[in-house]
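Text of protein.cif, listed as mmCIF, C-alpha atoms and all ligand atoms:
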data_data
#
loop_
_atom_site.label_atom_id
_atom_site.label_comp_id
_atom_site.auth_asym_id
_atom_site.auth_seq_id
_atom_site.Cartn_x
_atom_site.Cartn_y
_atom_site.Cartn_z
CA MET Q 1 73.95 110.02 84.46
CA SER Q 2 74.54 109.76 88.21
CA ALA Q 3 74.27 106.28 89.56
CA ILE Q 4 74.57 104.05 92.56
CA PRO Q 5 74.61 100.29 92.30
CA VAL Q 6 72.12 97.83 93.63
CA THR Q 7 73.70 94.43 93.94
CA ILE Q 8 71.80 91.85 91.99
CA GLY Q 9 73.63 88.57 92.20
CA ARG Q 10 77.21 89.08 91.08
CA ARG Q 11 76.78 92.35 89.19
CA ALA Q 12 75.52 95.79 90.14
CA ALA Q 13 72.66 97.49 88.34
CA LEU Q 14 72.04 101.22 88.20
CA SER Q 15 69.60 103.37 90.10
CA LEU Q 16 69.36 107.12 90.55
CA ASP Q 17 71.62 108.77 93.07
CA SER Q 18 70.49 111.84 94.95
CA THR Q 19 74.01 113.14 95.70
CA PRO Q 20 75.92 113.51 92.44
CA VAL Q 21 79.63 114.40 92.60
CA PRO Q 22 81.06 116.55 89.81
CA ALA Q 23 83.24 114.75 87.27
CA GLY Q 24 86.90 115.59 87.79
CA SER Q 25 86.80 115.59 91.59
CA PRO Q 26 88.81 112.87 93.40
CA LEU Q 27 87.37 109.40 93.92
CA VAL Q 28 86.83 109.44 97.69
CA ASP Q 29 84.90 106.63 99.35
CA THR Q 30 82.59 106.84 102.35
CA HIS Q 31 85.55 106.03 104.63
CA GLY Q 32 87.66 108.93 103.34
CA ARG Q 33 90.03 106.87 101.19
CA VAL Q 34 91.15 108.68 98.03
CA HIS Q 35 91.63 106.34 95.07
CA ARG Q 36 94.78 106.86 92.99
CA ASP Q 37 95.53 103.42 91.56
CA LEU Q 38 93.60 101.55 88.86
CA ARG Q 39 94.63 97.95 88.12
CA ILE Q 40 93.66 97.07 84.58
CA SER Q 41 93.40 93.41 83.70
CA LEU Q 42 94.03 92.99 79.98
CA THR Q 43 93.14 89.32 79.60
CA ASP Q 44 92.20 86.29 81.67
CA ARG Q 45 94.44 84.07 79.50
CA CYS Q 46 97.87 83.01 80.65
CA SER Q 47 100.99 81.19 79.52
CA LEU Q 48 101.24 79.47 82.94
CA ARG Q 49 98.76 77.63 85.19
CA CYS Q 50 99.91 78.48 88.72
CA THR Q 51 98.11 76.19 91.16
CA TYR Q 52 97.09 79.06 93.47
CA CYS Q 53 95.51 80.99 90.59
CA MET Q 54 94.15 78.81 87.76
CA PRO Q 55 92.88 75.28 87.32
CA GLU Q 56 94.97 72.92 85.20
CA GLN Q 57 92.13 72.42 82.75
CA GLY Q 58 88.50 73.39 82.30
CA ASN Q 59 88.94 77.11 82.88
CA GLU Q 60 85.88 79.03 81.75
CA TRP Q 61 87.44 81.75 79.60
CA LEU Q 62 85.85 85.15 79.20
CA ALA Q 63 84.05 85.49 75.86
CA LYS Q 64 86.42 87.09 73.33
CA THR Q 65 83.69 89.55 72.32
CA SER Q 66 83.48 90.87 75.89
CA ILE Q 67 87.20 91.70 76.16
CA LEU Q 68 87.82 95.45 76.24
CA THR Q 69 89.39 96.89 73.11
CA LEU Q 70 92.32 99.28 73.08
CA ASP Q 71 89.97 102.24 72.49
CA GLU Q 72 87.67 101.19 75.33
CA ILE Q 73 90.57 100.81 77.76
CA GLU Q 74 91.90 104.23 76.77
CA LEU Q 75 88.52 105.89 77.23
CA ILE Q 76 88.07 104.44 80.74
CA ALA Q 77 91.65 105.41 81.63
CA ARG Q 78 91.12 108.99 80.45
CA VAL Q 79 88.06 109.40 82.65
CA ALA Q 80 89.81 107.75 85.60
CA ALA Q 81 92.85 110.04 85.23
CA ALA Q 82 90.56 113.10 85.14
CA ASP Q 83 89.12 111.79 88.44
CA GLY Q 84 92.54 111.66 90.09
CA ILE Q 85 93.86 108.19 89.25
CA THR Q 86 97.62 108.61 88.89
CA THR Q 87 98.82 105.01 88.37
CA PHE Q 88 97.64 102.37 85.96
CA ARG Q 89 98.93 98.88 86.66
CA LEU Q 90 98.50 96.49 83.75
CA THR Q 91 97.92 92.91 84.77
CA GLY Q 92 95.91 89.81 83.93
CA GLY Q 93 96.04 86.82 83.33
CA GLU Q 94 99.26 87.50 81.53
CA PRO Q 95 99.29 91.04 80.10
CA LEU Q 96 102.09 90.24 77.64
CA LEU Q 97 99.73 87.88 75.81
CA ARG Q 98 97.89 90.93 74.42
CA THR Q 99 99.25 91.45 70.92
CA ASP Q 100 98.48 95.18 71.23
CA ILE Q 101 100.34 95.53 74.55
CA VAL Q 102 102.88 98.11 73.31
CA GLU Q 103 100.12 100.27 71.84
CA ILE Q 104 98.09 99.99 75.08
CA VAL Q 105 101.10 101.27 77.04
CA ARG Q 106 101.72 104.04 74.51
CA ARG Q 107 98.11 105.28 74.63
CA LEU Q 108 97.85 105.16 78.43
CA ALA Q 109 101.27 106.74 79.01
CA ALA Q 110 100.16 109.76 76.94
CA ILE Q 111 97.34 110.52 79.39
CA GLU Q 112 97.81 113.46 81.77
CA GLY Q 113 96.09 114.11 85.08
CA PRO Q 114 94.18 117.34 85.81
CA ASP Q 115 97.47 118.88 87.03
CA GLY Q 116 99.09 118.22 83.64
CA ARG Q 117 101.38 115.50 84.99
CA PRO Q 118 101.59 112.23 83.04
CA VAL Q 119 100.15 109.16 84.69
CA GLU Q 120 102.47 106.33 85.73
CA ILE Q 121 102.28 102.98 83.94
CA ALA Q 122 103.31 99.83 85.80
CA MET Q 123 102.91 96.17 84.89
CA THR Q 124 102.71 92.86 86.74
CA THR Q 125 103.85 89.97 84.54
CA ASN Q 126 105.20 86.44 84.68
CA GLY Q 127 108.09 87.71 82.53
CA ILE Q 128 107.59 85.33 79.61
CA ARG Q 129 108.12 87.25 76.30
CA LEU Q 130 109.70 90.15 78.16
CA PRO Q 131 113.07 90.07 76.33
CA GLU Q 132 111.20 90.44 73.05
CA VAL Q 133 108.80 93.23 74.04
CA LEU Q 134 110.58 95.19 76.77
CA PRO Q 135 112.40 97.64 74.46
CA GLY Q 136 109.06 98.54 72.83
CA LEU Q 137 107.29 98.79 76.20
CA ALA Q 138 109.97 101.05 77.66
CA ALA Q 139 109.95 103.29 74.58
CA ALA Q 140 106.14 103.44 74.80
CA GLY Q 141 106.33 104.77 78.36
CA LEU Q 142 106.21 101.79 80.73
CA GLY Q 143 107.58 103.00 84.06
CA ARG Q 144 107.84 99.99 86.37
CA LEU Q 145 107.73 96.20 86.36
CA ASN Q 146 106.77 93.56 88.91
CA ILE Q 147 107.72 90.04 87.84
CA SER Q 148 106.42 86.93 89.55
CA ILE Q 149 108.80 84.09 90.38
CA ASP Q 150 107.97 81.60 93.12
CA THR Q 151 110.90 79.22 92.83
CA LEU Q 152 114.36 79.03 91.29
CA ARG Q 153 114.19 75.27 90.79
CA ARG Q 154 113.12 73.99 87.44
CA ASP Q 155 111.27 70.87 88.65
CA ARG Q 156 109.35 72.87 91.24
CA PHE Q 157 108.54 75.59 88.77
CA HIS Q 158 107.15 73.00 86.37
CA GLU Q 159 105.02 71.42 89.07
CA LEU Q 160 103.79 74.72 90.48
CA THR Q 161 102.96 76.41 87.17
CA ARG Q 162 102.22 73.21 85.21
CA ARG Q 163 104.57 74.52 82.53
CA ASP Q 164 108.31 73.90 82.05
CA ARG Q 165 109.18 77.58 81.49
CA LEU Q 166 111.50 78.66 84.28
CA GLU Q 167 114.22 79.54 81.73
CA ASP Q 168 111.86 81.94 79.94
CA VAL Q 169 111.01 83.68 83.20
CA LEU Q 170 114.69 83.96 84.17
CA GLU Q 171 115.44 85.50 80.78
CA GLY Q 172 112.59 87.96 81.34
CA ILE Q 173 114.01 88.96 84.72
CA ALA Q 174 117.50 89.36 83.22
CA ALA Q 175 116.05 91.65 80.53
CA ALA Q 176 114.24 93.72 83.16
CA ALA Q 177 117.40 93.96 85.28
CA ALA Q 178 119.38 95.15 82.24
CA SER Q 179 116.76 97.80 81.45
CA GLY Q 180 116.59 101.14 83.18
CA LEU Q 181 113.16 100.44 84.70
CA ARG Q 182 113.39 100.85 88.47
CA PRO Q 183 112.33 99.98 91.08
CA LEU Q 184 112.15 96.41 89.82
CA LYS Q 185 110.12 94.13 92.07
CA LEU Q 186 109.93 90.34 92.14
CA ASN Q 187 106.86 88.66 93.65
CA ALA Q 188 106.57 85.19 95.17
CA VAL Q 189 103.60 83.56 96.84
CA ALA Q 190 105.02 81.75 99.86
CA MET Q 191 103.71 78.18 100.06
CA ARG Q 192 104.19 75.55 102.72
CA ASP Q 193 106.25 72.55 101.62
CA VAL Q 194 106.43 74.03 98.13
CA ASN Q 195 108.88 76.96 98.24
CA ASP Q 196 109.12 77.92 101.93
CA ASP Q 197 112.70 76.59 102.01
CA GLU Q 198 113.70 79.03 99.22
CA LEU Q 199 112.82 82.37 100.81
CA VAL Q 200 116.44 83.37 101.52
CA ASP Q 201 117.55 82.15 98.06
CA LEU Q 202 114.84 84.25 96.40
CA VAL Q 203 115.90 87.39 98.28
CA GLU Q 204 119.54 86.80 97.28
CA PHE Q 205 118.47 86.26 93.68
CA ALA Q 206 116.54 89.55 93.75
CA ILE Q 207 119.50 91.45 95.20
CA ALA Q 208 121.74 90.03 92.46
CA HIS Q 209 119.28 91.47 89.92
CA ASP Q 210 119.02 94.90 91.60
CA ALA Q 211 115.42 94.08 92.49
CA GLN Q 212 113.29 94.07 95.63
CA MET Q 213 111.85 90.68 96.65
CA ARG Q 214 108.28 90.69 97.92
CA PHE Q 215 106.53 87.71 99.44
CA ILE Q 216 102.76 87.41 99.21
CA GLU Q 217 100.56 85.50 101.66
CA GLN Q 218 98.46 83.08 99.63
CA MET Q 219 94.89 84.34 99.32
CA PRO Q 220 91.61 82.50 98.71
CA LEU Q 221 91.48 83.46 95.04
CA ASP Q 222 92.36 80.25 93.23
CA ALA Q 223 89.91 79.21 90.54
CA GLY Q 224 89.70 75.73 92.07
CA HIS Q 225 88.65 77.09 95.52
CA THR Q 226 91.25 74.88 97.23
CA TRP Q 227 92.75 77.53 99.55
CA ASP Q 228 93.37 76.24 103.05
CA ARG Q 229 94.24 78.71 105.81
CA SER Q 230 96.15 76.10 107.81
CA ARG Q 231 98.50 75.58 104.82
CA MET Q 232 99.18 79.28 104.35
CA VAL Q 233 102.66 80.63 105.14
CA THR Q 234 102.10 83.74 107.28
CA GLN Q 235 104.01 87.02 107.37
CA ASP Q 236 105.41 86.06 110.79
CA GLU Q 237 106.76 82.81 109.39
CA ILE Q 238 108.27 84.57 106.39
CA LEU Q 239 110.00 87.13 108.60
CA GLY Q 240 111.12 84.36 110.96
CA ALA Q 241 112.85 82.53 108.09
CA LEU Q 242 114.55 85.69 106.78
CA ALA Q 243 115.65 86.74 110.26
CA GLN Q 244 117.88 83.64 110.37
CA ARG Q 245 119.98 85.27 107.67
CA TRP Q 246 119.56 89.07 108.01
CA GLU Q 247 118.76 91.62 110.66
CA LEU Q 248 115.35 93.01 109.64
CA THR Q 249 114.35 96.60 110.42
CA PRO Q 250 110.87 97.91 109.52
CA VAL Q 251 110.83 100.71 106.94
CA PRO Q 252 108.40 103.45 108.07
CA GLY Q 253 106.05 105.41 105.77
CA ARG Q 254 104.29 102.65 103.87
CA GLY Q 255 101.39 104.88 102.70
CA GLY Q 256 98.92 102.99 100.53
CA ALA Q 257 101.49 100.39 99.38
CA PRO Q 258 100.34 96.78 99.81
CA ALA Q 259 103.79 95.59 100.94
CA ALA Q 260 105.25 96.35 104.34
CA ARG Q 261 109.04 96.54 103.98
CA TRP Q 262 112.10 95.73 106.06
CA THR Q 263 115.73 96.64 105.44
CA LEU Q 264 118.21 93.76 105.34
CA ASP Q 265 121.20 94.29 107.67
CA GLY Q 266 120.50 98.04 107.76
CA GLY Q 267 120.06 98.45 103.97
CA PRO Q 268 120.22 99.50 101.25
CA HIS Q 269 118.40 96.31 100.22
CA THR Q 270 114.87 95.67 101.43
CA VAL Q 271 112.32 92.88 101.41
CA GLY Q 272 108.55 93.34 101.29
CA VAL Q 273 105.66 91.24 102.57
CA ILE Q 274 102.10 91.54 101.32
CA ALA Q 275 100.14 90.13 104.26
CA SER Q 276 96.57 90.47 103.00
CA VAL Q 277 95.36 87.67 105.27
CA THR Q 278 97.14 88.11 108.62
CA ALA Q 279 97.75 91.89 108.50
CA PRO Q 280 95.19 93.44 106.11
CA PHE Q 281 95.95 96.98 104.94
CA CYS Q 282 92.41 97.89 103.86
CA GLY Q 283 92.39 101.14 105.84
CA ASP Q 284 94.91 102.65 103.41
CA CYS Q 285 93.66 101.00 100.23
CA ASP Q 286 93.66 103.39 97.25
CA ARG Q 287 93.02 100.78 94.54
CA LEU Q 288 90.25 100.02 92.10
CA ARG Q 289 90.22 97.21 89.55
CA LEU Q 290 88.98 96.84 86.01
CA THR Q 291 88.56 93.32 84.65
CA ALA Q 292 89.34 92.41 81.05
CA ASP Q 293 85.60 92.23 80.35
CA GLY Q 294 84.86 95.72 81.63
CA GLN Q 295 83.77 95.10 85.23
CA LEU Q 296 84.86 97.63 87.84
CA ARG Q 297 85.68 96.16 91.25
CA ASN Q 298 86.45 98.04 94.46
CA CYS Q 299 88.23 95.11 96.16
CA LEU Q 300 89.98 91.88 95.18
CA PHE Q 301 87.54 90.04 97.41
CA SER Q 302 84.35 91.85 96.47
CA THR Q 303 81.44 89.85 95.11
CA THR Q 304 79.91 92.92 93.44
CA GLU Q 305 80.95 94.23 90.03
CA TYR Q 306 80.06 97.44 88.19
CA ASP Q 307 79.51 96.73 84.52
CA LEU Q 308 80.98 99.26 82.07
CA LEU Q 309 80.27 97.24 78.92
CA PRO Q 310 76.68 98.47 78.40
CA ILE Q 311 77.97 102.04 78.68
CA LEU Q 312 80.95 101.50 76.37
CA ARG Q 313 78.93 99.67 73.75
CA GLY Q 314 75.75 101.69 74.17
CA THR Q 315 74.62 104.73 72.25
CA SER Q 316 74.07 107.27 75.05
CA GLY Q 317 76.64 109.64 73.53
CA GLU Q 318 77.64 110.63 77.09
CA TRP Q 319 80.24 107.94 77.58
CA GLU Q 320 82.67 109.98 79.71
CA GLN Q 321 79.92 111.15 82.04
CA ASP Q 322 78.50 107.64 82.36
CA ILE Q 323 81.90 106.05 83.04
CA ASP Q 324 82.56 108.72 85.66
CA GLY Q 325 79.20 107.90 87.28
CA MET Q 326 80.08 104.21 87.41
CA LEU Q 327 83.55 104.87 88.86
CA ARG Q 328 81.94 106.93 91.61
CA ALA Q 329 79.28 104.30 92.26
CA CYS Q 330 82.01 101.66 92.56
CA VAL Q 331 84.01 103.79 95.00
CA ARG Q 332 80.91 104.62 97.07
CA GLY Q 333 80.13 100.93 97.40
CA LYS Q 334 83.53 100.09 98.88
CA LEU Q 335 83.39 98.40 102.29
CA PRO Q 336 85.84 99.38 105.06
CA GLY Q 337 87.70 96.09 104.64
CA HIS Q 338 87.64 92.62 103.17
CA ALA Q 339 86.18 89.83 105.23
CA ILE Q 340 88.65 86.99 104.61
CA ASN Q 341 88.91 86.46 108.32
CA ASP Q 342 85.11 86.31 108.87
CA PRO Q 343 83.45 82.90 109.08
CA SER Q 344 80.87 84.26 106.59
CA PHE Q 345 83.53 85.06 103.95
CA LEU Q 346 82.51 84.08 100.43
CA GLN Q 347 85.25 83.61 97.86
CA PRO Q 348 84.61 85.65 94.69
CA ALA Q 349 83.37 83.61 91.73
CA ARG Q 350 86.31 84.71 89.58
CA GLY Q 351 89.81 83.35 90.06
CA MET Q 352 92.77 85.73 90.40
CA ASN Q 353 93.58 85.42 86.66
CA ALA Q 354 90.15 86.84 85.79
CA ILE Q 355 90.13 89.57 88.47
CA GLY Q 356 93.65 90.85 87.88
CA GLY Q 357 96.23 90.70 90.67
N1 LIG Q 401 100.43 86.80 85.23
C1 LIG Q 401 101.00 87.89 85.93
C2 LIG Q 401 101.85 87.44 87.08
O1 LIG Q 401 101.74 86.28 87.48
O2 LIG Q 401 102.61 88.27 87.59
C3 LIG Q 401 99.99 88.92 86.39
C4 LIG Q 401 98.72 88.41 86.97
S1 LIG Q 401 98.87 87.51 88.50
C5 LIG Q 401 97.19 87.17 88.85
C6 LIG Q 401 99.34 88.84 89.61
C7 LIG Q 401 99.90 88.41 90.93
O3 LIG Q 401 98.91 87.74 91.67
C8 LIG Q 401 101.09 87.47 90.85
O4 LIG Q 401 102.17 88.02 91.58
C9 LIG Q 401 100.60 86.21 91.50
O5 LIG Q 401 101.61 85.54 92.20
C10 LIG Q 401 99.54 86.75 92.43
N2 LIG Q 401 98.54 85.75 92.83
C11 LIG Q 401 97.78 84.99 92.02
N3 LIG Q 401 96.96 84.19 92.75
C12 LIG Q 401 97.23 84.45 94.06
C13 LIG Q 401 96.73 83.96 95.30
N4 LIG Q 401 95.79 83.02 95.35
N5 LIG Q 401 97.22 84.48 96.44
C14 LIG Q 401 98.19 85.42 96.40
N6 LIG Q 401 98.70 85.95 95.27
C15 LIG Q 401 98.24 85.45 94.11
FE1 LIG Q 402 99.20 83.19 85.11
FE2 LIG Q 402 99.96 85.06 86.83
FE3 LIG Q 402 97.92 83.40 87.43
FE4 LIG Q 402 100.37 82.42 87.33
S1 LIG Q 402 99.63 83.99 88.77
S2 LIG Q 402 98.55 81.49 86.38
S3 LIG Q 402 101.32 83.61 85.75
S4 LIG Q 402 97.93 84.91 85.87
#

Starting from the file, lay out its structure as structure tokens.
Amino acid sequence: MSAIPVTIGRRAALSLDSTPVPAGSPLVDTHGRVHRDLRISLTDRCSLRCTYCMPEQGNEWLAKTSILTLDEIELIARVAAADGITTFRLTGGEPLLRTDIVEIVRRLAAIEGPDGRPVEIAMTTNGIRLPEVLPGLAAAGLGRLNISIDTLRRDRFHELTRRDRLEDVLEGIAAAAASGLRPLKLNAVAMRDVNDDELVDLVEFAIAHDAQMRFIEQMPLDAGHTWDRSRMVTQDEILGALAQRWELTPVPGRGGAPAARWTLDGGPHTVGVIASVTAPFCGDCDRLRLTADGQLRNCLFSTTEYDLLPILRGTSGEWEQDIDGMLRACVRGKLPGHAINDPSFLQPARGMNAIGG
């Protein structure tokens, strides 16, 4: 089946496409961007309730029956790898809440691209449960870890995540630092009057753990729709605060990476900033997203989704071909950039925990 989507409300439906692309060729969009990175959200559930991501209560969870199974995830990943995806980043919600997480990593890490090279498996996690599962994950083929930590102060952490679990996160980071997985990255959303006085401390903490600190501009993706541009800490402000302590020199050759990087006092340590709001990097975006309930998305901020569930749970018998068609439809529908800075911008219905960061 070859297909292009027609947006109907939040989801995309299929219609015939007159220009089919053979399965196995790269996923190139109409703006020439080649897609290499698939972010796979494994669950919308989480052990924390970060204010910028989830509501404290009343979250509308995805139906358990709609959550992709291990076999379904593997099938989609196999087709994506054949189409040139080289990195799978596992995220959520909290990916370590999946009881089959080690098996997911094992199955995905065994996939090879058309050139015979194994794909790369990365994970973004809040770090809770990491000491327990990291040996299994590493043995299964996990290649890289990003761990989120917004503050080093227990009272702030409790307030910000609505859970008193800073110690668990710190233990997770210590386990990651002790493992051989590198580069290790730590992520913090910079927030005014919440943690903007800790930026230097967080970088020093990262350096002490042989990790790279990355600050993220807060994006309008909270489930409560409370984002306020005037409250956002910008890349310029972040760099201004760090420049009080270090001499910052831009690192050239960012490629498709979301973070722009600077060396600290000439290196070797660096800091990254993901400035999706004030310095969007859409022109180099090589990412697609798969939600835990089988929706393909071509942008964090898109309001259109491409539903793989009817294919996966249907009886066509041509699952690979149909998934390939949907991947291509999703890529073809990608806009040149997000519109956060447009007055007409509409926040996606899903919060970040249900899209996958
Ligand atoms: N639970 C895992 C974690 O926190 O690392 C993985 C999922 S979380 C949605 C992935 C990343 O998205 C985290 O680094 C988190 O800080 C970031 N994030 C969530 N909501 C955000 C927002 N509104 N703006 C910017 N980053 C956000
Ligand atoms: Fe959970 Fe990650 Fe969202 Fe925090 S940012 S609530 S840890 S999914």

Near-ligand residues for ligand LIG 402 (chain Q), threshold 6 Å, all atoms listed in the file, as a PyMOL selection string: chain Q and resi 46+48-50+53-54+92-94+126+353

What do you get as a PyMOL selection string if you pick all residues at most 7 Å from ligand LIG 401 (chain Q), counting all atoms listed in the file? chain Q and resi 46+52-53+91-95+124-126+146-148+187-189+216-222+352-353+356-357

List the spatial neighbours of Leu108 in chain Q as a PyMOL selection string - criterion: any atom at most 12 Å away, all atoms listed in the file, same-chain residues fewer than 6 positions off excluded. chain Q and resi 38+40+70-81+85-90+101-102+118-122+137+140-143

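In this structure, CA of Lys334 in chain Q sits 10.7 Å away from CA of Gly32 in chain Q.
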
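In this model, the gap between CA of Val331 in chain Q and CA of Gln235 in chain Q comes to 28.9 Å.
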
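For the pair CA of Arg156 in chain Q and CA of Val194 in chain Q, the separation is 7.6 Å.
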
Can you complete the atoms of range 84-102 of chain Q to N, CA, C and O atoms and list them as a short mmCIF file (atom, residue, chain, number, x, y, z; two decimals), in the frame of the given file?
data_model
loop_
_atom_site.label_atom_id
_atom_site.label_comp_id
_atom_site.auth_asym_id
_atom_site.auth_seq_id
_atom_site.Cartn_x
_atom_site.Cartn_y
_atom_site.Cartn_z
N GLY Q 84 91.46 111.71 89.09
CA GLY Q 84 92.54 111.66 90.09
C GLY Q 84 93.32 110.37 90.16
O GLY Q 84 94.19 110.22 91.02
N ILE Q 85 93.03 109.41 89.27
CA ILE Q 85 93.86 108.19 89.25
C ILE Q 85 95.22 108.57 88.65
O ILE Q 85 95.29 109.17 87.57
N THR Q 86 96.29 108.21 89.35
CA THR Q 86 97.62 108.61 88.89
C THR Q 86 98.46 107.42 88.41
O THR Q 86 99.49 107.62 87.76
N THR Q 87 98.05 106.19 88.79
CA THR Q 87 98.82 105.01 88.37
C THR Q 87 97.90 103.99 87.73
O THR Q 87 96.85 103.66 88.28
N PHE Q 88 98.32 103.50 86.59
CA PHE Q 88 97.64 102.37 85.96
C PHE Q 88 98.57 101.18 86.02
O PHE Q 88 99.70 101.26 85.51
N ARG Q 89 98.12 100.11 86.64
CA ARG Q 89 98.93 98.88 86.66
C ARG Q 89 98.28 97.87 85.74
O ARG Q 89 97.13 97.49 85.93
N LEU Q 90 99.02 97.45 84.73
CA LEU Q 90 98.50 96.49 83.75
C LEU Q 90 98.79 95.08 84.24
O LEU Q 90 99.92 94.77 84.63
N THR Q 91 97.76 94.24 84.22
CA THR Q 91 97.92 92.91 84.77
C THR Q 91 97.02 91.95 84.01
O THR Q 91 96.55 92.23 82.93
N GLY Q 92 96.77 90.79 84.60
CA GLY Q 92 95.91 89.81 83.93
C GLY Q 92 95.55 88.71 84.91
O GLY Q 92 95.54 88.97 86.13
N GLY Q 93 95.40 87.50 84.43
CA GLY Q 93 96.04 86.82 83.33
C GLY Q 93 97.44 87.38 83.05
O GLY Q 93 98.04 88.02 83.88
N GLU Q 94 97.92 87.05 81.89
CA GLU Q 94 99.26 87.50 81.53
C GLU Q 94 99.17 88.65 80.53
O GLU Q 94 98.80 88.44 79.37
N PRO Q 95 99.49 89.87 80.97
CA PRO Q 95 99.29 91.04 80.10
C PRO Q 95 100.11 90.99 78.82
O PRO Q 95 99.70 91.55 77.81
N LEU Q 96 101.25 90.28 78.85
CA LEU Q 96 102.09 90.24 77.64
C LEU Q 96 101.50 89.34 76.56
O LEU Q 96 102.02 89.28 75.45
N LEU Q 97 100.39 88.66 76.86
CA LEU Q 97 99.73 87.88 75.81
C LEU Q 97 98.90 88.78 74.88
O LEU Q 97 98.48 88.34 73.81
N ARG Q 98 98.63 90.02 75.31
CA ARG Q 98 97.89 90.93 74.42
C ARG Q 98 98.81 91.34 73.27
O ARG Q 98 99.90 91.89 73.51
N THR Q 99 98.38 91.12 72.05
CA THR Q 99 99.25 91.45 70.92
C THR Q 99 99.39 92.97 70.77
O THR Q 99 100.34 93.45 70.17
N ASP Q 100 98.42 93.73 71.34
CA ASP Q 100 98.48 95.18 71.23
C ASP Q 100 99.07 95.83 72.50
O ASP Q 100 98.84 97.00 72.77
N ILE Q 101 99.88 95.05 73.24
CA ILE Q 101 100.34 95.53 74.55
C ILE Q 101 101.18 96.82 74.44
O ILE Q 101 101.05 97.74 75.27
N VAL Q 102 102.03 96.91 73.43
CA VAL Q 102 102.88 98.11 73.31
C VAL Q 102 102.00 99.33 73.02
O VAL Q 102 102.18 100.40 73.61
#
